[in-house]
>>> print(open('target-v6.cif').read())   # mmCIF, C-alpha atoms
data_start
#
loop_
_atom_site.group_PDB
_atom_site.id
_atom_site.type_symbol
_atom_site.label_atom_id
_atom_site.label_comp_id
_atom_site.auth_asym_id
_atom_site.auth_seq_id
_atom_site.Cartn_x
_atom_site.Cartn_y
_atom_site.Cartn_z
ATOM 1 C CA MET E 1 0.535 49.353 -26.486
ATOM 2 C CA ARG E 2 2.283 48.979 -23.147
ATOM 3 C CA GLU E 3 2.168 45.206 -23.492
ATOM 4 C CA ALA E 4 3.605 45.280 -27.019
ATOM 5 C CA GLY E 5 6.187 48.002 -26.381
ATOM 6 C CA GLY E 6 7.456 46.956 -22.973
ATOM 7 C CA GLU E 7 10.153 49.343 -21.751
ATOM 8 C CA ARG E 8 9.903 51.327 -24.978
ATOM 9 C CA PHE E 9 6.356 52.450 -24.158
ATOM 10 C CA ALA E 10 5.826 55.810 -22.478
ATOM 11 C CA ALA E 11 3.236 58.567 -22.502
ATOM 12 C CA TYR E 12 4.194 62.234 -22.351
ATOM 13 C CA GLY E 13 2.465 65.556 -22.206
ATOM 14 C CA ILE E 14 4.073 68.503 -23.936
ATOM 15 C CA GLU E 15 4.482 72.014 -22.575
ATOM 16 C CA ASN E 16 5.879 75.268 -23.870
ATOM 17 C CA ARG E 17 8.948 76.974 -22.402
ATOM 18 C CA HIS E 18 6.737 78.768 -19.863
ATOM 19 C CA GLY E 19 5.410 75.475 -18.489
ATOM 20 C CA SER E 20 1.917 75.701 -19.975
ATOM 21 C CA PRO E 21 0.514 72.537 -21.523
ATOM 22 C CA VAL E 22 0.332 72.633 -25.306
ATOM 23 C CA TYR E 23 -2.587 71.177 -27.212
ATOM 24 C CA VAL E 24 -1.577 69.819 -30.598
ATOM 25 C CA HIS E 25 -4.340 68.516 -32.853
ATOM 26 C CA ALA E 26 -1.980 67.242 -35.551
ATOM 27 C CA LYS E 27 -0.792 63.660 -35.375
ATOM 28 C CA ILE E 28 2.448 62.181 -36.621
ATOM 29 C CA CYS E 29 3.285 58.514 -36.803
ATOM 30 C CA VAL E 30 6.637 57.163 -37.978
ATOM 31 C CA VAL E 31 7.235 53.457 -38.535
ATOM 32 C CA ASP E 32 10.727 52.027 -39.034
ATOM 33 C CA ASP E 33 12.004 55.357 -40.427
ATOM 34 C CA ARG E 34 10.403 54.361 -43.752
ATOM 35 C CA TRP E 35 6.715 55.257 -43.406
ATOM 36 C CA ALA E 36 5.261 58.440 -41.957
ATOM 37 C CA THR E 37 1.848 59.966 -41.712
ATOM 38 C CA VAL E 38 1.083 63.567 -40.797
ATOM 39 C CA GLY E 39 -2.366 65.028 -40.388
ATOM 40 C CA SER E 40 -5.374 65.484 -38.181
ATOM 41 C CA ASP E 41 -6.949 62.019 -38.189
ATOM 42 C CA ASN E 42 -6.853 59.740 -35.195
ATOM 43 C CA PHE E 43 -6.057 56.068 -35.620
ATOM 44 C CA ASN E 44 -9.620 54.925 -35.086
ATOM 45 C CA ARG E 45 -12.787 54.177 -37.000
ATOM 46 C CA ARG E 46 -14.612 57.332 -35.984
ATOM 47 C CA SER E 47 -11.943 59.574 -37.438
ATOM 48 C CA TRP E 48 -11.914 57.629 -40.687
ATOM 49 C CA THR E 49 -15.704 57.338 -41.053
ATOM 50 C CA HIS E 50 -17.480 60.172 -39.212
ATOM 51 C CA ASP E 51 -15.103 63.088 -38.750
ATOM 52 C CA SER E 52 -13.674 65.495 -41.293
ATOM 53 C CA GLU E 53 -10.050 64.553 -40.835
ATOM 54 C CA LEU E 54 -7.215 64.326 -43.317
ATOM 55 C CA SER E 55 -3.685 62.946 -43.296
ATOM 56 C CA ALA E 56 -0.945 62.241 -45.790
ATOM 57 C CA ALA E 57 1.277 59.173 -45.674
ATOM 58 C CA VAL E 58 4.743 58.897 -47.200
ATOM 59 C CA VAL E 59 6.672 55.703 -47.892
ATOM 60 C CA ASP E 60 10.307 56.583 -48.485
ATOM 61 C CA GLN E 61 13.473 54.496 -48.515
ATOM 62 C CA SER E 62 16.114 57.246 -48.387
ATOM 63 C CA ASP E 63 17.583 60.078 -50.370
ATOM 64 C CA ALA E 64 21.166 60.902 -51.361
ATOM 65 C CA THR E 65 22.048 61.763 -47.745
ATOM 66 C CA GLY E 66 20.855 58.390 -46.515
ATOM 67 C CA LEU E 67 18.103 59.870 -44.347
ATOM 68 C CA SER E 68 14.559 58.995 -45.300
ATOM 69 C CA TYR E 69 11.783 61.565 -45.033
ATOM 70 C CA ALA E 70 10.391 59.598 -42.078
ATOM 71 C CA ALA E 71 13.741 59.518 -40.249
ATOM 72 C CA ARG E 72 14.278 63.234 -40.840
ATOM 73 C CA LEU E 73 10.762 63.955 -39.554
ATOM 74 C CA ARG E 74 11.296 61.793 -36.447
ATOM 75 C CA LEU E 75 14.620 63.427 -35.600
ATOM 76 C CA THR E 76 13.373 66.972 -36.265
ATOM 77 C CA LEU E 77 10.345 66.451 -34.055
ATOM 78 C CA ALA E 78 12.512 64.872 -31.349
ATOM 79 C CA ALA E 79 14.851 67.881 -31.502
ATOM 80 C CA GLU E 80 11.882 70.160 -30.849
ATOM 81 C CA HIS E 81 10.666 68.031 -27.934
ATOM 82 C CA LEU E 82 14.158 67.887 -26.431
ATOM 83 C CA ASP E 83 14.868 71.623 -27.056
ATOM 84 C CA ARG E 84 17.909 70.975 -29.212
ATOM 85 C CA ASP E 85 19.256 73.439 -31.752
ATOM 86 C CA VAL E 86 19.317 71.883 -35.207
ATOM 87 C CA ARG E 87 19.864 75.014 -37.239
ATOM 88 C CA GLY E 88 22.351 74.511 -40.005
ATOM 89 C CA THR E 89 22.707 73.391 -43.547
ATOM 90 C CA GLY E 90 21.421 70.005 -44.611
ATOM 91 C CA ASP E 91 21.189 67.010 -42.351
ATOM 92 C CA ASP E 92 24.638 67.418 -40.763
ATOM 93 C CA ALA E 93 23.383 69.745 -38.009
ATOM 94 C CA LEU E 94 20.394 67.505 -37.359
ATOM 95 C CA LEU E 95 22.520 64.362 -37.128
ATOM 96 C CA ALA E 96 25.077 66.081 -34.876
ATOM 97 C CA ALA E 97 22.463 67.451 -32.462
ATOM 98 C CA MET E 98 20.515 64.201 -32.402
ATOM 99 C CA ALA E 99 23.395 61.694 -32.298
ATOM 100 C CA ASP E 100 21.895 59.951 -29.251
ATOM 101 C CA CYS E 101 18.533 59.579 -31.022
ATOM 102 C CA ILE E 102 19.566 58.252 -34.420
ATOM 103 C CA ASP E 103 18.682 54.733 -33.315
ATOM 104 C CA PRO E 104 14.984 54.880 -32.369
ATOM 105 C CA SER E 105 15.518 52.689 -29.302
ATOM 106 C CA ASP E 106 18.115 55.190 -28.023
ATOM 107 C CA MET E 107 15.602 58.001 -28.548
ATOM 108 C CA VAL E 108 13.345 56.336 -25.973
ATOM 109 C CA GLY E 109 16.074 56.818 -23.379
ATOM 110 C CA ALA E 110 16.708 60.431 -24.392
ATOM 111 C CA TYR E 111 12.986 61.210 -24.040
ATOM 112 C CA ARG E 112 12.778 59.416 -20.692
ATOM 113 C CA GLU E 113 15.805 61.238 -19.245
ATOM 114 C CA SER E 114 14.688 64.645 -20.506
ATOM 115 C CA ALA E 115 11.146 64.173 -19.189
ATOM 116 C CA ALA E 116 12.445 62.976 -15.809
ATOM 117 C CA ARG E 117 14.686 66.057 -15.446
ATOM 118 C CA LEU E 118 11.856 68.422 -16.331
ATOM 119 C CA GLN E 119 9.417 66.650 -14.014
ATOM 120 C CA ALA E 120 11.948 66.765 -11.144
ATOM 121 C CA TRP E 121 12.406 70.491 -11.736
ATOM 122 C CA HIS E 122 8.636 70.987 -11.469
ATOM 123 C CA ASP E 123 8.381 68.692 -8.423
ATOM 124 C CA HIS E 124 11.069 70.680 -6.597
ATOM 125 C CA GLY E 125 9.427 74.068 -7.028
ATOM 126 C CA GLN E 126 11.034 75.082 -10.338
ATOM 127 C CA LEU E 127 14.251 76.118 -8.598
ATOM 128 C CA GLY E 128 17.225 77.003 -10.761
ATOM 129 C CA PRO E 129 17.282 77.138 -14.520
ATOM 130 C CA ARG E 130 14.619 75.210 -16.383
ATOM 131 C CA PRO E 131 16.139 72.071 -17.908
ATOM 132 C CA PRO E 132 15.864 71.696 -21.677
ATOM 133 C CA GLY E 133 12.978 69.716 -23.053
ATOM 134 C CA ARG E 134 9.221 70.020 -23.309
ATOM 135 C CA LEU E 135 8.061 66.540 -22.325
ATOM 136 C CA ARG E 136 6.572 65.526 -18.992
ATOM 137 C CA PRO E 137 5.623 61.963 -18.106
ATOM 138 C CA LEU E 138 1.915 61.172 -17.980
ATOM 139 C CA PRO E 139 0.635 58.584 -15.531
ATOM 140 C CA ILE E 140 -0.730 55.515 -17.249
ATOM 141 C CA PRO E 141 -3.950 54.334 -15.611
ATOM 142 C CA CYS E 142 -4.362 50.694 -14.665
ATOM 143 C CA LEU E 143 -7.983 49.670 -15.104
ATOM 144 C CA THR E 144 -9.709 46.909 -13.192
ATOM 145 C CA GLY E 145 -11.438 44.148 -15.132
ATOM 146 C CA LEU E 146 -14.840 45.766 -14.620
ATOM 147 C CA GLU E 147 -13.534 49.180 -15.697
ATOM 148 C CA ARG E 148 -12.122 47.619 -18.878
ATOM 149 C CA ILE E 149 -15.458 46.002 -19.745
ATOM 150 C CA VAL E 150 -17.454 49.175 -19.137
ATOM 151 C CA SER E 151 -14.977 51.456 -20.906
ATOM 152 C CA LYS E 152 -14.712 49.132 -23.935
ATOM 153 C CA GLY E 153 -18.464 49.271 -24.503
ATOM 154 C CA PHE E 154 -18.506 53.045 -24.074
ATOM 155 C CA TYR E 155 -15.503 53.467 -26.370
ATOM 156 C CA GLU E 156 -16.772 51.213 -29.158
ATOM 157 C CA GLY E 157 -20.360 52.443 -28.957
ATOM 158 C CA ILE E 158 -19.902 56.186 -28.517
ATOM 159 C CA VAL E 159 -16.302 57.356 -28.847
ATOM 160 C CA ASP E 160 -15.209 55.148 -31.752
ATOM 161 C CA PRO E 161 -18.334 53.786 -33.412
ATOM 162 C CA ASP E 162 -18.055 51.247 -36.206
ATOM 163 C CA GLY E 163 -19.352 53.643 -38.861
ATOM 164 C CA ARG E 164 -20.986 51.008 -41.060
ATOM 165 C CA PRO E 165 -24.745 50.859 -41.545
ATOM 166 C CA ARG E 166 -26.395 48.270 -39.299
ATOM 167 C CA SER E 167 -27.141 45.996 -42.268
ATOM 168 C CA LEU E 168 -23.418 45.741 -43.101
ATOM 169 C CA ARG E 169 -22.435 45.284 -39.449
ATOM 170 C CA ARG E 170 -24.922 42.407 -39.099
ATOM 171 C CA GLN E 171 -23.508 40.753 -42.205
ATOM 172 C CA GLY E 172 -19.931 41.321 -41.022
ATOM 173 C CA ILE E 173 -18.889 43.002 -44.283
ATOM 174 C CA TYR E 174 -17.547 46.420 -45.223
#
>>> encode(input="target-v6.cif", output="structure tokens")
Amino acid sequence: MREAGGERFAAYGIENRHGSPVYVHAKICVVDDRWATVGSDNFNRRSWTHDSELSAAVVDQSDATGLSYAARLRLTLAAEHLDRDVRGTGDDALLAAMADCIDPSDMVGAYRESAARLQAWHDHGQLGPRPPGRLRPLPIPCLTGLERIVSKGFYEGIVDPDGRPRSLRRQGIY
């Protein structure tokens, strides 16, 4: 993902207003503000073949306001992560509060700046008022070649197994 996303790639942890990490089992994925999925499944074979997970996907161009369901979902979730007030009627309040995030590439910068401010506040002993936002940067591990080989086998064999019976795997069919 880092290779494909370049500067747009980042990993964040989320915390509540008291600074405690928050575990969220639900997953949301938005693509091009036109397609969105919400649910509990992970994007891997195990979740789709072994686990009892469920998600719903929506393909939506736009409604009368011009905002698609996926864009509205992305901006609403971003408002929560950035601690922005989007109360109001219709999409006007959302668009006003999230003006710097309407373009998804600009949202990357808003997340990065918010997470950096919150991390700096933590790093400096939580002095002064807590900055808005709930995201903190997560370090991205760099694996050696050997670690990649070992972890790939472990991941594909145990964490994310193929899910097909051996006879189908041997034949290379689904």
>>> closest_residue(input="target-v6.cif", among="E:Arg130, E:Arg169, E:Leu138, E:Leu75", to="E:Asp106", atoms="all atoms listed in the file")
E:Leu75
>>> closest_residue(input="target-v6.cif", among="E:Ser68, E:Ala78, E:Ser62, E:Thr49", to="E:Gly109", atoms="only C-alpha atoms")
E:Ala78
>>> resolve_selection(input="target-v6.cif", expression="the PyMOL selection byres ((chain E and resi 162) around 12)", output="list in words")
Asn44, Arg45, Arg46, Ser47, Trp48, Thr49, His50, Gly153, Tyr155, Glu156, Gly157, Ile158, Val159, Asp160, Pro161, Gly163, Arg164, Pro165, Arg166, Leu168, Arg169, Arg170, Gly172, Ile173 and Tyr174 of chain E
>>> residues_around(input="target-v6.cif", residues="E:Gly39", least_positions_apart="6", cutoff="6 Å", atoms="only C-alpha atoms", output="list in words")
Ala26, Lys27, Leu54 and Ser55 of chain E
>>> residues_near_point(input="target-v6.cif", point="(4.1, 59.2, -47.8)", cutoff="12 Å", atoms="all atoms listed in the file", output="list in words")
Ile28, Cys29, Val30, Val31, Asp33, Arg34, Trp35, Ala36, Thr37, Val38, Gly39, Ser55, Ala56, Ala57, Val58, Val59, Asp60, Gln61, Ser68, Tyr69, Ala70 and Leu73 of chain E
>>> residues_near_point(input="target-v6.cif", point="(10.8, 71.7, -19.0)", cutoff="8 Å", atoms="all atoms listed in the file", output="short mmCIF file (atom, residue, chain, number, x, y, z; two decimals) with C-alpha atoms, in the coordinates of the input")
data_model
loop_
_atom_site.label_atom_id
_atom_site.label_comp_id
_atom_site.auth_asym_id
_atom_site.auth_seq_id
_atom_site.Cartn_x
_atom_site.Cartn_y
_atom_site.Cartn_z
CA GLU E 15 4.48 72.01 -22.58
CA ASN E 16 5.88 75.27 -23.87
CA ARG E 17 8.95 76.97 -22.40
CA GLY E 19 5.41 75.47 -18.49
CA ALA E 115 11.15 64.17 -19.19
CA ARG E 117 14.69 66.06 -15.45
CA LEU E 118 11.86 68.42 -16.33
CA GLN E 119 9.42 66.65 -14.01
CA TRP E 121 12.41 70.49 -11.74
CA HIS E 122 8.64 70.99 -11.47
CA ARG E 130 14.62 75.21 -16.38
CA PRO E 131 16.14 72.07 -17.91
CA PRO E 132 15.86 71.70 -21.68
CA GLY E 133 12.98 69.72 -23.05
CA ARG E 134 9.22 70.02 -23.31
CA LEU E 135 8.06 66.54 -22.32
CA ARG E 136 6.57 65.53 -18.99
#
>>> atom_distance(input="target-v6.cif", atom1="atom CA of E:Ser114", atom2="atom CA of E:Leu82")
6.8 Å
>>> residues_around(input="target-v6.cif", residues="stretch 141-145 of chain E", least_positions_apart="4", cutoff="12 Å", atoms="all atoms listed in the file", output="ChimeraX atom specification")
/E:2,11,149-152
>>> atom_distance(input="target-v6.cif", atom1="atom CA of E:Met1", atom2="atom CA of E:Arg72")
24.2 Å
>>> atom_distance(input="target-v6.cif", atom1="atom CA of E:Thr76", atom2="atom CA of E:Asp32")
15.4 Å
>>> closest_residue(input="target-v6.cif", among="E:Gln171, E:Ile140, E:Arg148, E:Asp83", to="E:Ala10", atoms="all atoms listed in the file")
E:Ile140
>>> axis_aligned_box(input="target-v6.cif", around="stretch 26-34 of chain E", padding_each_side="6 Å", output="lines of an AutoDock Vina configuration file")
center_x = 5.0
center_y = 59.6
center_z = -39.6
size_x = 26.0
size_y = 27.2
size_z = 20.4
>>> decode(input="target-v6.cif", residues="stretch 84-115 of chain E", atoms="N, CA and C atoms", output="PDB file, in the first residue's frame")
ATOM      1  N   ARG E  84     -14.450  17.692  14.420  1.00  0.00           N
ATOM      2  CA  ARG E  84     -15.101  18.880  13.868  1.00  0.00           C
ATOM      3  C   ARG E  84     -16.603  18.775  14.033  1.00  0.00           C
ATOM      4  N   ASP E  85     -17.221  19.890  14.350  1.00  0.00           N
ATOM      5  CA  ASP E  85     -18.668  19.941  14.567  1.00  0.00           C
ATOM      6  C   ASP E  85     -19.370  20.048  13.218  1.00  0.00           C
ATOM      7  N   VAL E  86     -20.180  19.063  12.904  1.00  0.00           N
ATOM      8  CA  VAL E  86     -20.910  19.073  11.638  1.00  0.00           C
ATOM      9  C   VAL E  86     -22.410  19.061  11.872  1.00  0.00           C
ATOM     10  N   ARG E  87     -22.815  19.489  13.056  1.00  0.00           N
ATOM     11  CA  ARG E  87     -24.256  19.549  13.313  1.00  0.00           C
ATOM     12  C   ARG E  87     -24.872  20.624  12.433  1.00  0.00           C
ATOM     13  N   GLY E  88     -26.033  20.351  11.957  1.00  0.00           N
ATOM     14  CA  GLY E  88     -26.727  21.307  11.102  1.00  0.00           C
ATOM     15  C   GLY E  88     -27.693  20.578  10.199  1.00  0.00           C
ATOM     16  N   THR E  89     -28.304  21.323   9.343  1.00  0.00           N
ATOM     17  CA  THR E  89     -29.294  20.760   8.450  1.00  0.00           C
ATOM     18  C   THR E  89     -28.657  20.456   7.103  1.00  0.00           C
ATOM     19  N   GLY E  90     -28.888  19.250   6.627  1.00  0.00           N
ATOM     20  CA  GLY E  90     -28.406  18.875   5.302  1.00  0.00           C
ATOM     21  C   GLY E  90     -26.899  18.810   5.230  1.00  0.00           C
ATOM     22  N   ASP E  91     -26.405  18.901   4.006  1.00  0.00           N
ATOM     23  CA  ASP E  91     -24.969  18.770   3.782  1.00  0.00           C
ATOM     24  C   ASP E  91     -24.212  20.085   3.924  1.00  0.00           C
ATOM     25  N   ASP E  92     -24.923  21.215   4.063  1.00  0.00           N
ATOM     26  CA  ASP E  92     -24.242  22.502   4.137  1.00  0.00           C
ATOM     27  C   ASP E  92     -23.270  22.579   5.312  1.00  0.00           C
ATOM     28  N   ALA E  93     -23.697  22.115   6.491  1.00  0.00           N
ATOM     29  CA  ALA E  93     -22.825  22.156   7.665  1.00  0.00           C
ATOM     30  C   ALA E  93     -21.621  21.233   7.469  1.00  0.00           C
ATOM     31  N   LEU E  94     -21.871  20.070   6.890  1.00  0.00           N
ATOM     32  CA  LEU E  94     -20.788  19.127   6.644  1.00  0.00           C
ATOM     33  C   LEU E  94     -19.765  19.715   5.674  1.00  0.00           C
ATOM     34  N   LEU E  95     -20.245  20.280   4.575  1.00  0.00           N
ATOM     35  CA  LEU E  95     -19.341  20.856   3.583  1.00  0.00           C
ATOM     36  C   LEU E  95     -18.577  22.054   4.133  1.00  0.00           C
ATOM     37  N   ALA E  96     -19.236  22.858   4.973  1.00  0.00           N
ATOM     38  CA  ALA E  96     -18.559  24.024   5.562  1.00  0.00           C
ATOM     39  C   ALA E  96     -17.457  23.585   6.524  1.00  0.00           C
ATOM     40  N   ALA E  97     -17.770  22.620   7.392  1.00  0.00           N
ATOM     41  CA  ALA E  97     -16.795  22.172   8.390  1.00  0.00           C
ATOM     42  C   ALA E  97     -15.645  21.394   7.756  1.00  0.00           C
ATOM     43  N   MET E  98     -15.913  20.774   6.622  1.00  0.00           N
ATOM     44  CA  MET E  98     -14.915  19.903   6.008  1.00  0.00           C
ATOM     45  C   MET E  98     -14.372  20.471   4.691  1.00  0.00           C
ATOM     46  N   ALA E  99     -14.402  21.777   4.538  1.00  0.00           N
ATOM     47  CA  ALA E  99     -13.984  22.413   3.283  1.00  0.00           C
ATOM     48  C   ALA E  99     -12.581  21.997   2.853  1.00  0.00           C
ATOM     49  N   ASP E 100     -11.676  21.785   3.817  1.00  0.00           N
ATOM     50  CA  ASP E 100     -10.309  21.399   3.470  1.00  0.00           C
ATOM     51  C   ASP E 100     -10.164  19.902   3.213  1.00  0.00           C
ATOM     52  N   CYS E 101     -11.264  19.164   3.264  1.00  0.00           N
ATOM     53  CA  CYS E 101     -11.222  17.716   3.045  1.00  0.00           C
ATOM     54  C   CYS E 101     -12.108  17.268   1.892  1.00  0.00           C
ATOM     55  N   ILE E 102     -12.750  18.208   1.215  1.00  0.00           N
ATOM     56  CA  ILE E 102     -13.652  17.830   0.137  1.00  0.00           C
ATOM     57  C   ILE E 102     -12.895  17.057  -0.938  1.00  0.00           C
ATOM     58  N   ASP E 103     -11.735  17.535  -1.319  1.00  0.00           N
ATOM     59  CA  ASP E 103     -10.876  16.783  -2.226  1.00  0.00           C
ATOM     60  C   ASP E 103     -10.145  15.739  -1.382  1.00  0.00           C
ATOM     61  N   PRO E 104     -10.281  14.454  -1.717  1.00  0.00           N
ATOM     62  CA  PRO E 104      -9.647  13.419  -0.898  1.00  0.00           C
ATOM     63  C   PRO E 104      -8.145  13.600  -0.701  1.00  0.00           C
ATOM     64  N   SER E 105      -7.449  14.134  -1.688  1.00  0.00           N
ATOM     65  CA  SER E 105      -6.002  14.326  -1.514  1.00  0.00           C
ATOM     66  C   SER E 105      -5.719  15.413  -0.477  1.00  0.00           C
ATOM     67  N   ASP E 106      -6.608  16.406  -0.346  1.00  0.00           N
ATOM     68  CA  ASP E 106      -6.447  17.420   0.692  1.00  0.00           C
ATOM     69  C   ASP E 106      -6.727  16.834   2.073  1.00  0.00           C
ATOM     70  N   MET E 107      -7.616  15.841   2.134  1.00  0.00           N
ATOM     71  CA  MET E 107      -7.936  15.213   3.413  1.00  0.00           C
ATOM     72  C   MET E 107      -6.704  14.528   3.998  1.00  0.00           C
ATOM     73  N   VAL E 108      -5.844  14.003   3.147  1.00  0.00           N
ATOM     74  CA  VAL E 108      -4.608  13.373   3.610  1.00  0.00           C
ATOM     75  C   VAL E 108      -3.797  14.379   4.427  1.00  0.00           C
ATOM     76  N   GLY E 109      -3.692  15.598   3.921  1.00  0.00           N
ATOM     77  CA  GLY E 109      -2.954  16.632   4.637  1.00  0.00           C
ATOM     78  C   GLY E 109      -3.618  17.030   5.943  1.00  0.00           C
ATOM     79  N   ALA E 110      -4.942  17.122   5.944  1.00  0.00           N
ATOM     80  CA  ALA E 110      -5.664  17.468   7.174  1.00  0.00           C
ATOM     81  C   ALA E 110      -5.451  16.390   8.234  1.00  0.00           C
ATOM     82  N   TYR E 111      -5.510  15.123   7.839  1.00  0.00           N
ATOM     83  CA  TYR E 111      -5.252  14.029   8.785  1.00  0.00           C
ATOM     84  C   TYR E 111      -3.818  14.112   9.313  1.00  0.00           C
ATOM     85  N   ARG E 112      -2.875  14.299   8.408  1.00  0.00           N
ATOM     86  CA  ARG E 112      -1.460  14.326   8.795  1.00  0.00           C
ATOM     87  C   ARG E 112      -1.186  15.458   9.783  1.00  0.00           C
ATOM     88  N   GLU E 113      -1.718  16.646   9.506  1.00  0.00           N
ATOM     89  CA  GLU E 113      -1.486  17.790  10.399  1.00  0.00           C
ATOM     90  C   GLU E 113      -2.144  17.576  11.751  1.00  0.00           C
ATOM     91  N   SER E 114      -3.371  17.091  11.763  1.00  0.00           N
ATOM     92  CA  SER E 114      -4.084  16.851  13.010  1.00  0.00           C
ATOM     93  C   SER E 114      -3.363  15.795  13.848  1.00  0.00           C
ATOM     94  N   ALA E 115      -2.948  14.710  13.223  1.00  0.00           N
ATOM     95  CA  ALA E 115      -2.255  13.642  13.938  1.00  0.00           C
ATOM     96  C   ALA E 115      -0.914  14.129  14.482  1.00  0.00           C
TER      97      ALA E 115
END
